[in-house]
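Novice: Pasting a structure below so you can have a look.
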Amino acid sequence: MAGVTFSNAFTSDNSAPAHPAILEAVIAANNANASSYGDDEVTARAAALIRDEFDSPEAEVLFALTGTGANVIALTAATRPWHTILCSDIAHVLVDEAGGPARVSGAMLTVLPSDDGLIDPAELDRVASRRGPVHHSQPTIVTITQSTENGRLWTPQAIKHFVDTAHANDLLVHVDGARIANAIAALGVPPLEAIADADIISVGGTKNGLLFGDAILVRRPELFDGINFVQKQLGHLPSKHRFVSAQFEALFTDGRWLELAAHANTMAARLSTGLTRLGLQLASPTEANEVFVVLDPPTHAKVAGHYALHAPDPLRPIYRLVCSWATTEEEVDSVLNLLGGA
């Protein structure tokens with residue numbers, strides 16, 4: 001469309017720029033020589049901040065270059081090739097990681113039905129009851145996402161019940177926390193309540209203002225023997241490690257990680273309210289920073305030439321709009337005006 005600037009403002013929080021404080025931290029980490037492969041003071045400080053935030057003093061903290069890398073490292077360290085990883089029917093590890101968890105770990109993925117990524121704990125009882133015979137892959141770990149791929153929140157009560165049920169069934173629990181900051185900010189609870197007693201957590205950074213990088217909070221290191229070797233083998237232990245961890249130090253200083261996430265959530269709430277006022281139907285409740293809306297072809301055509309919107313299922317007219325730390329009220333109002341014909 002001639003004369004129209006095509007925007008990725010709502011395509012994904014991955015599309016957002018890096019926060020200025022993150023860029024400043026990377027520059028500051030570049031001022032001198034430092035030990036390599038994570039044996040540096042910046043990495044130690046960043047890891048301590050994450051442990052403190054999640055009230056997990058005995059945890060080990062690793063850093064990865066990507067969210068997929070963090071998930072694959074966590075799941076691979078927990079499994080053997082005769083194991084199975086339980087996940088929801090919309091899990092990122094199932095749909096959007098190109099089979100990485102299965103290929104690298106050798107374990108299979110077993111899909112559990114869900115409501116927007118929220119799994120009924122009774123499903124764990126059902127699947128775990130099949131454990132034992134040599135003919136079957138053995139359920140070993142379940143991965144859930146907080147907030148889910150459809151933008152839903154596990155409440156503290158729900159996630160505690162789920163994790164307790166998993167542990168009662170001798171299952172480890174991994175939380176894919178690519179947007180964990182958004183969940184914590186939305187729930188208004190201490191970080192540990194948003195993950196309950198989960199064993200290992202991928203702590204998102206890329207979607208919350210970083211250039212790149214996600215962390216892995218290993219709350220029970222004794223259950224993930226060899227995870228450091230997995231991190232190294234998969235190429236997620238960069239030699240100039242401080243440039244990853246410096247970003248996390250800046251993100252976790254003075255509550256910045258939750259401040260940025262809270263802004264993204266506020267913009268999503270503004271957008272969601274505006275869409276419903278226009279008479280549009282939400283496909284899922286807006287609980288964090290993702291908005292899912294039903295758009296018929298004529299309505300979608302209004303925005304398609306201006307904004308790139310992701311359709312999670314190409315066979316359904318549901319489009320995702322994601323707000324980030326950098327989303328402005330003007331951007332939200334602009335897309336609403338476009339949809340409203342103003």
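In the structure tokens, chains take letters A, B, ... by order of appearance, with residues numbered from 1 within each chain and ligands from 1 in the order shown.
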Compile the contact shell of Glu24 in chain A as a tab-separated table (two decimals) with N, CA and C atoms, in the first residue's frame: residues with an atom at most 10 Å away, counting only C-alpha atoms, same-chain residues fewer than 4 positions apart removed.
Specialist:
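Okay, selection_9.tsv is ready:
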```
chain	number	residue	atom	x	y	z
A	19	HIS	N	15.71	-2.26	25.84
A	19	HIS	CA	15.57	-1.13	26.75
A	19	HIS	C	16.92	-0.40	26.87
A	20	PRO	N	16.90	0.94	26.95
A	20	PRO	CA	18.18	1.69	27.05
A	20	PRO	C	19.07	1.24	28.19
A	28	ALA	N	28.76	-0.98	29.56
A	28	ALA	CA	29.55	-0.95	30.80
A	28	ALA	C	30.36	-2.23	30.99
A	29	ALA	N	29.81	-3.36	30.55
A	29	ALA	CA	30.52	-4.64	30.68
A	29	ALA	C	31.68	-4.75	29.70
A	30	ASN	N	31.78	-3.79	28.78
A	30	ASN	CA	32.80	-3.82	27.74
A	30	ASN	C	34.01	-2.97	28.09
A	246	ALA	N	25.15	-9.40	31.99
A	246	ALA	CA	25.05	-7.97	32.30
A	246	ALA	C	23.65	-7.45	32.01
A	247	GLN	N	23.03	-7.99	30.98
A	247	GLN	CA	21.66	-7.59	30.66
A	247	GLN	C	20.70	-7.99	31.79
A	250	ALA	N	21.04	-5.73	34.84
A	250	ALA	CA	20.29	-4.49	34.66
A	250	ALA	C	18.79	-4.72	34.76
```
Novice: Using 10 Å as the limit and counting only C-alpha atoms, can you tabulate each residue of range 19-102 of chain A that touches range 220-242 of chain A, with its shortest atom-to-atom distance in Å and the two atoms involved, as a Markdown table?
Specialist:
```
| residue | atom | partner | partner_atom | distance |
| --- | --- | --- | --- | --- |
| A:Ala25 | CA | A:Arg242 | CA | 9.9 |
| A:Val26 | CA | A:Arg242 | CA | 8.3 |
| A:Ala29 | CA | A:Arg242 | CA | 6.8 |
| A:Asn30 | CA | A:Arg242 | CA | 8.8 |
| A:Asn33 | CA | A:Lys240 | CA | 9.8 |
| A:Ala34 | CA | A:Arg242 | CA | 8.0 |
| A:Ser35 | CA | A:Lys240 | CA | 8.2 |
| A:Ser36 | CA | A:Ser239 | CA | 5.1 |
| A:Tyr37 | CA | A:Ser239 | CA | 4.5 |
| A:Gly38 | CA | A:His241 | CA | 5.1 |
| A:Asp39 | CA | A:His241 | CA | 8.3 |
| A:Asp40 | CA | A:Arg242 | CA | 6.9 |
| A:Glu41 | CA | A:Arg242 | CA | 8.3 |
| A:Val42 | CA | A:Arg242 | CA | 6.0 |
| A:Thr43 | CA | A:Arg242 | CA | 5.9 |
| A:Ala44 | CA | A:Arg242 | CA | 9.5 |
| A:Ala46 | CA | A:Arg242 | CA | 9.5 |
| A:Ser56 | CA | A:Arg220 | CA | 9.4 |
| A:Glu58 | CA | A:Arg220 | CA | 7.7 |
| A:Ala59 | CA | A:Arg220 | CA | 6.3 |
| A:Glu60 | CA | A:Pro221 | CA | 6.4 |
| A:Val61 | CA | A:Pro221 | CA | 9.5 |
| A:Leu62 | CA | A:Asn228 | CA | 8.0 |
| A:Phe63 | CA | A:His236 | CA | 7.4 |
| A:Ala64 | CA | A:His236 | CA | 5.0 |
| A:Leu65 | CA | A:His236 | CA | 5.8 |
| A:Thr66 | CA | A:His236 | CA | 8.3 |
| A:Gly69 | CA | A:His236 | CA | 7.1 |
| A:Ala70 | CA | A:His236 | CA | 8.4 |
| A:Val72 | CA | A:Leu234 | CA | 8.9 |
| A:Ile73 | CA | A:Gln231 | CA | 5.9 |
| A:Ala74 | CA | A:Ile227 | CA | 7.2 |
| A:Leu75 | CA | A:Phe224 | CA | 9.0 |
| A:Thr76 | CA | A:Val230 | CA | 7.4 |
| A:Ala77 | CA | A:Ile227 | CA | 5.1 |
| A:Ala78 | CA | A:Phe224 | CA | 5.5 |
| A:Thr79 | CA | A:Phe224 | CA | 8.8 |
```
Novice: What does the structure give for the distance between CA of Lys207 in chain A and CA of Ala158 in chain A, in Å to one decimal?
Specialist: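 That distance, rounded to one decimal, is 24.5 Å.
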Novice: Report as a ChimeraX atom specification: the residues of range 4-96 of chain A with a DSSP assignment of strand (DSSP E or B), based on the backbone of this structure.
Specialist: /A:7,60-64,83-88
Novice: If you run DSSP on the backbone, which residues of range 46-169 of chain A are helix (DSSP H, G or I), as JSON, numbers by chain?
Specialist: {"A": [46, 47, 48, 49, 50, 51, 52, 53, 67, 68, 69, 70, 71, 72, 73, 74, 75, 76, 77, 78, 92, 93, 94, 95, 100, 101, 102, 103, 104, 105, 122, 123, 124, 125, 126, 127, 128, 156, 157, 158, 159, 160, 161, 162, 163, 164, 165, 166, 167, 168]}
Novice: Can you measure CA of Arg270 in chain A to CA of Ile318 in chain A for me? One decimal in Å is fine.
Specialist: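 So the answer is 18.8 Å.
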Novice: At most 12 Å is the cut-off: for each residue in range 208-290 of chain A with any atom that close to an atom of range 192-197 of chain A, write down the nearest atom pair and the distance in Å rounded to one decimal, counting only C-alpha atoms, chain first then increasing number, as a tab-separated table.
Specialist:
```
residue	atom	partner	partner_atom	distance
A:Leu217	CA	A:Ile195	CA	11.1
A:Val218	CA	A:Asp197	CA	11.5
A:Arg219	CA	A:Asp197	CA	8.7
A:Arg220	CA	A:Asp197	CA	10.1
```
Novice: Skip Phe248 in chain A itself and residues of its chain fewer than 4 positions away, then list as a ChimeraX atom specification all residues within 8 Å of it, counting only C-alpha atoms.
Specialist: /A:46,205,210,244,252
Novice: Let's have the selection written as a PDB file, in the first residue's frame, with N, CA and C atoms.
Specialist:
```
ATOM      1  N   ALA A  46      24.429 -11.155  38.669  1.00  0.00           N
ATOM      2  CA  ALA A  46      23.138 -11.382  38.003  1.00  0.00           C
ATOM      3  C   ALA A  46      22.458 -12.624  38.551  1.00  0.00           C
ATOM      4  N   GLY A 205      13.982 -13.155  29.233  1.00  0.00           N
ATOM      5  CA  GLY A 205      14.597 -11.834  29.167  1.00  0.00           C
ATOM      6  C   GLY A 205      14.375 -11.183  27.822  1.00  0.00           C
ATOM      7  N   LEU A 210      15.444  -7.256  26.746  1.00  0.00           N
ATOM      8  CA  LEU A 210      16.833  -7.605  26.477  1.00  0.00           C
ATOM      9  C   LEU A 210      17.113  -7.639  24.979  1.00  0.00           C
ATOM     10  N   VAL A 244      25.793 -11.382  28.208  1.00  0.00           N
ATOM     11  CA  VAL A 244      24.439 -11.901  28.450  1.00  0.00           C
ATOM     12  C   VAL A 244      24.013 -11.562  29.873  1.00  0.00           C
ATOM     13  N   PHE A 252      17.158  -7.022  36.446  1.00  0.00           N
ATOM     14  CA  PHE A 252      16.706  -7.392  37.786  1.00  0.00           C
ATOM     15  C   PHE A 252      17.124  -6.389  38.862  1.00  0.00           C
TER      16      PHE A 252
END
```
Novice: What are the closest atom pairs, with distances in Å to one decimal, for each residue of range 196-271 of chain A lying within 12 Å of range 132-148 of chain A, using only C-alpha atoms, rows by chain and rising residue number, as a Markdown table?
Specialist:
```
| residue | atom | partner | partner_atom | distance |
| --- | --- | --- | --- | --- |
| A:Ala196 | CA | A:Gln146 | CA | 11.1 |
| A:Ala198 | CA | A:Thr143 | CA | 9.7 |
| A:Asp199 | CA | A:Ile141 | CA | 9.6 |
| A:Ile200 | CA | A:Thr143 | CA | 9.5 |
| A:Ile201 | CA | A:Thr143 | CA | 9.4 |
| A:Ser202 | CA | A:Thr145 | CA | 9.4 |
| A:Val203 | CA | A:Gln146 | CA | 10.0 |
| A:Gly204 | CA | A:Gln146 | CA | 10.3 |
| A:Leu223 | CA | A:Ile141 | CA | 11.1 |
| A:Phe224 | CA | A:Ile141 | CA | 11.3 |
| A:Ala261 | CA | A:Ser147 | CA | 11.7 |
| A:Asn265 | CA | A:Ser147 | CA | 11.5 |
```
Novice: Would you kindly return, as a PyMOL selection string, each protein, DNA or RNA residue with an atom no farther than 8 Å from any atom of Gly209 in chain A, considering only C-alpha atoms and excluding same-chain residues fewer than 2 positions away?
Specialist: chain A and resi 16-19+22+205-207+211+251+260+325
Novice: What does the file look like for those residues with N, CA and C atoms, as a PDB file, in the first residue's frame?
Specialist:
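Resulting contents of out20.pdb:
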```
ATOM      1  N   ALA A  16      10.120  -5.837  19.841  1.00  0.00           N
ATOM      2  CA  ALA A  16      10.391  -4.584  20.539  1.00  0.00           C
ATOM      3  C   ALA A  16      11.891  -4.293  20.583  1.00  0.00           C
ATOM      4  N   PRO A  17      12.249  -3.032  20.683  1.00  0.00           N
ATOM      5  CA  PRO A  17      13.668  -2.698  20.845  1.00  0.00           C
ATOM      6  C   PRO A  17      14.164  -3.094  22.229  1.00  0.00           C
ATOM      7  N   ALA A  18      15.461  -3.107  22.385  1.00  0.00           N
ATOM      8  CA  ALA A  18      16.044  -3.342  23.704  1.00  0.00           C
ATOM      9  C   ALA A  18      15.910  -2.077  24.546  1.00  0.00           C
ATOM     10  N   HIS A  19      15.712  -2.264  25.840  1.00  0.00           N
ATOM     11  CA  HIS A  19      15.571  -1.130  26.748  1.00  0.00           C
ATOM     12  C   HIS A  19      16.917  -0.399  26.874  1.00  0.00           C
ATOM     13  N   ILE A  22      19.454  -1.681  29.307  1.00  0.00           N
ATOM     14  CA  ILE A  22      20.111  -2.930  28.902  1.00  0.00           C
ATOM     15  C   ILE A  22      21.312  -2.618  28.019  1.00  0.00           C
ATOM     16  N   GLY A 205      13.982 -13.155  29.233  1.00  0.00           N
ATOM     17  CA  GLY A 205      14.597 -11.834  29.167  1.00  0.00           C
ATOM     18  C   GLY A 205      14.375 -11.183  27.822  1.00  0.00           C
ATOM     19  N   THR A 206      14.463 -11.993  26.752  1.00  0.00           N
ATOM     20  CA  THR A 206      14.354 -11.462  25.398  1.00  0.00           C
ATOM     21  C   THR A 206      13.043 -10.726  25.181  1.00  0.00           C
ATOM     22  N   LYS A 207      11.951 -11.263  25.712  1.00  0.00           N
ATOM     23  CA  LYS A 207      10.636 -10.656  25.519  1.00  0.00           C
ATOM     24  C   LYS A 207      10.381  -9.485  26.472  1.00  0.00           C
ATOM     25  N   LEU A 211      18.391  -7.500  24.637  1.00  0.00           N
ATOM     26  CA  LEU A 211      18.830  -7.734  23.265  1.00  0.00           C
ATOM     27  C   LEU A 211      18.600  -9.198  22.903  1.00  0.00           C
ATOM     28  N   LEU A 251      18.327  -5.836  34.208  1.00  0.00           N
ATOM     29  CA  LEU A 251      16.888  -6.125  34.208  1.00  0.00           C
ATOM     30  C   LEU A 251      16.371  -6.352  35.626  1.00  0.00           C
ATOM     31  N   LEU A 260       8.820  -3.111  33.653  1.00  0.00           N
ATOM     32  CA  LEU A 260       8.644  -3.196  32.198  1.00  0.00           C
ATOM     33  C   LEU A 260       7.464  -4.101  31.844  1.00  0.00           C
ATOM     34  N   TRP A 325       7.272  -3.640  26.624  1.00  0.00           N
ATOM     35  CA  TRP A 325       7.691  -2.517  27.465  1.00  0.00           C
ATOM     36  C   TRP A 325       7.691  -1.212  26.679  1.00  0.00           C
TER      37      TRP A 325
END
```
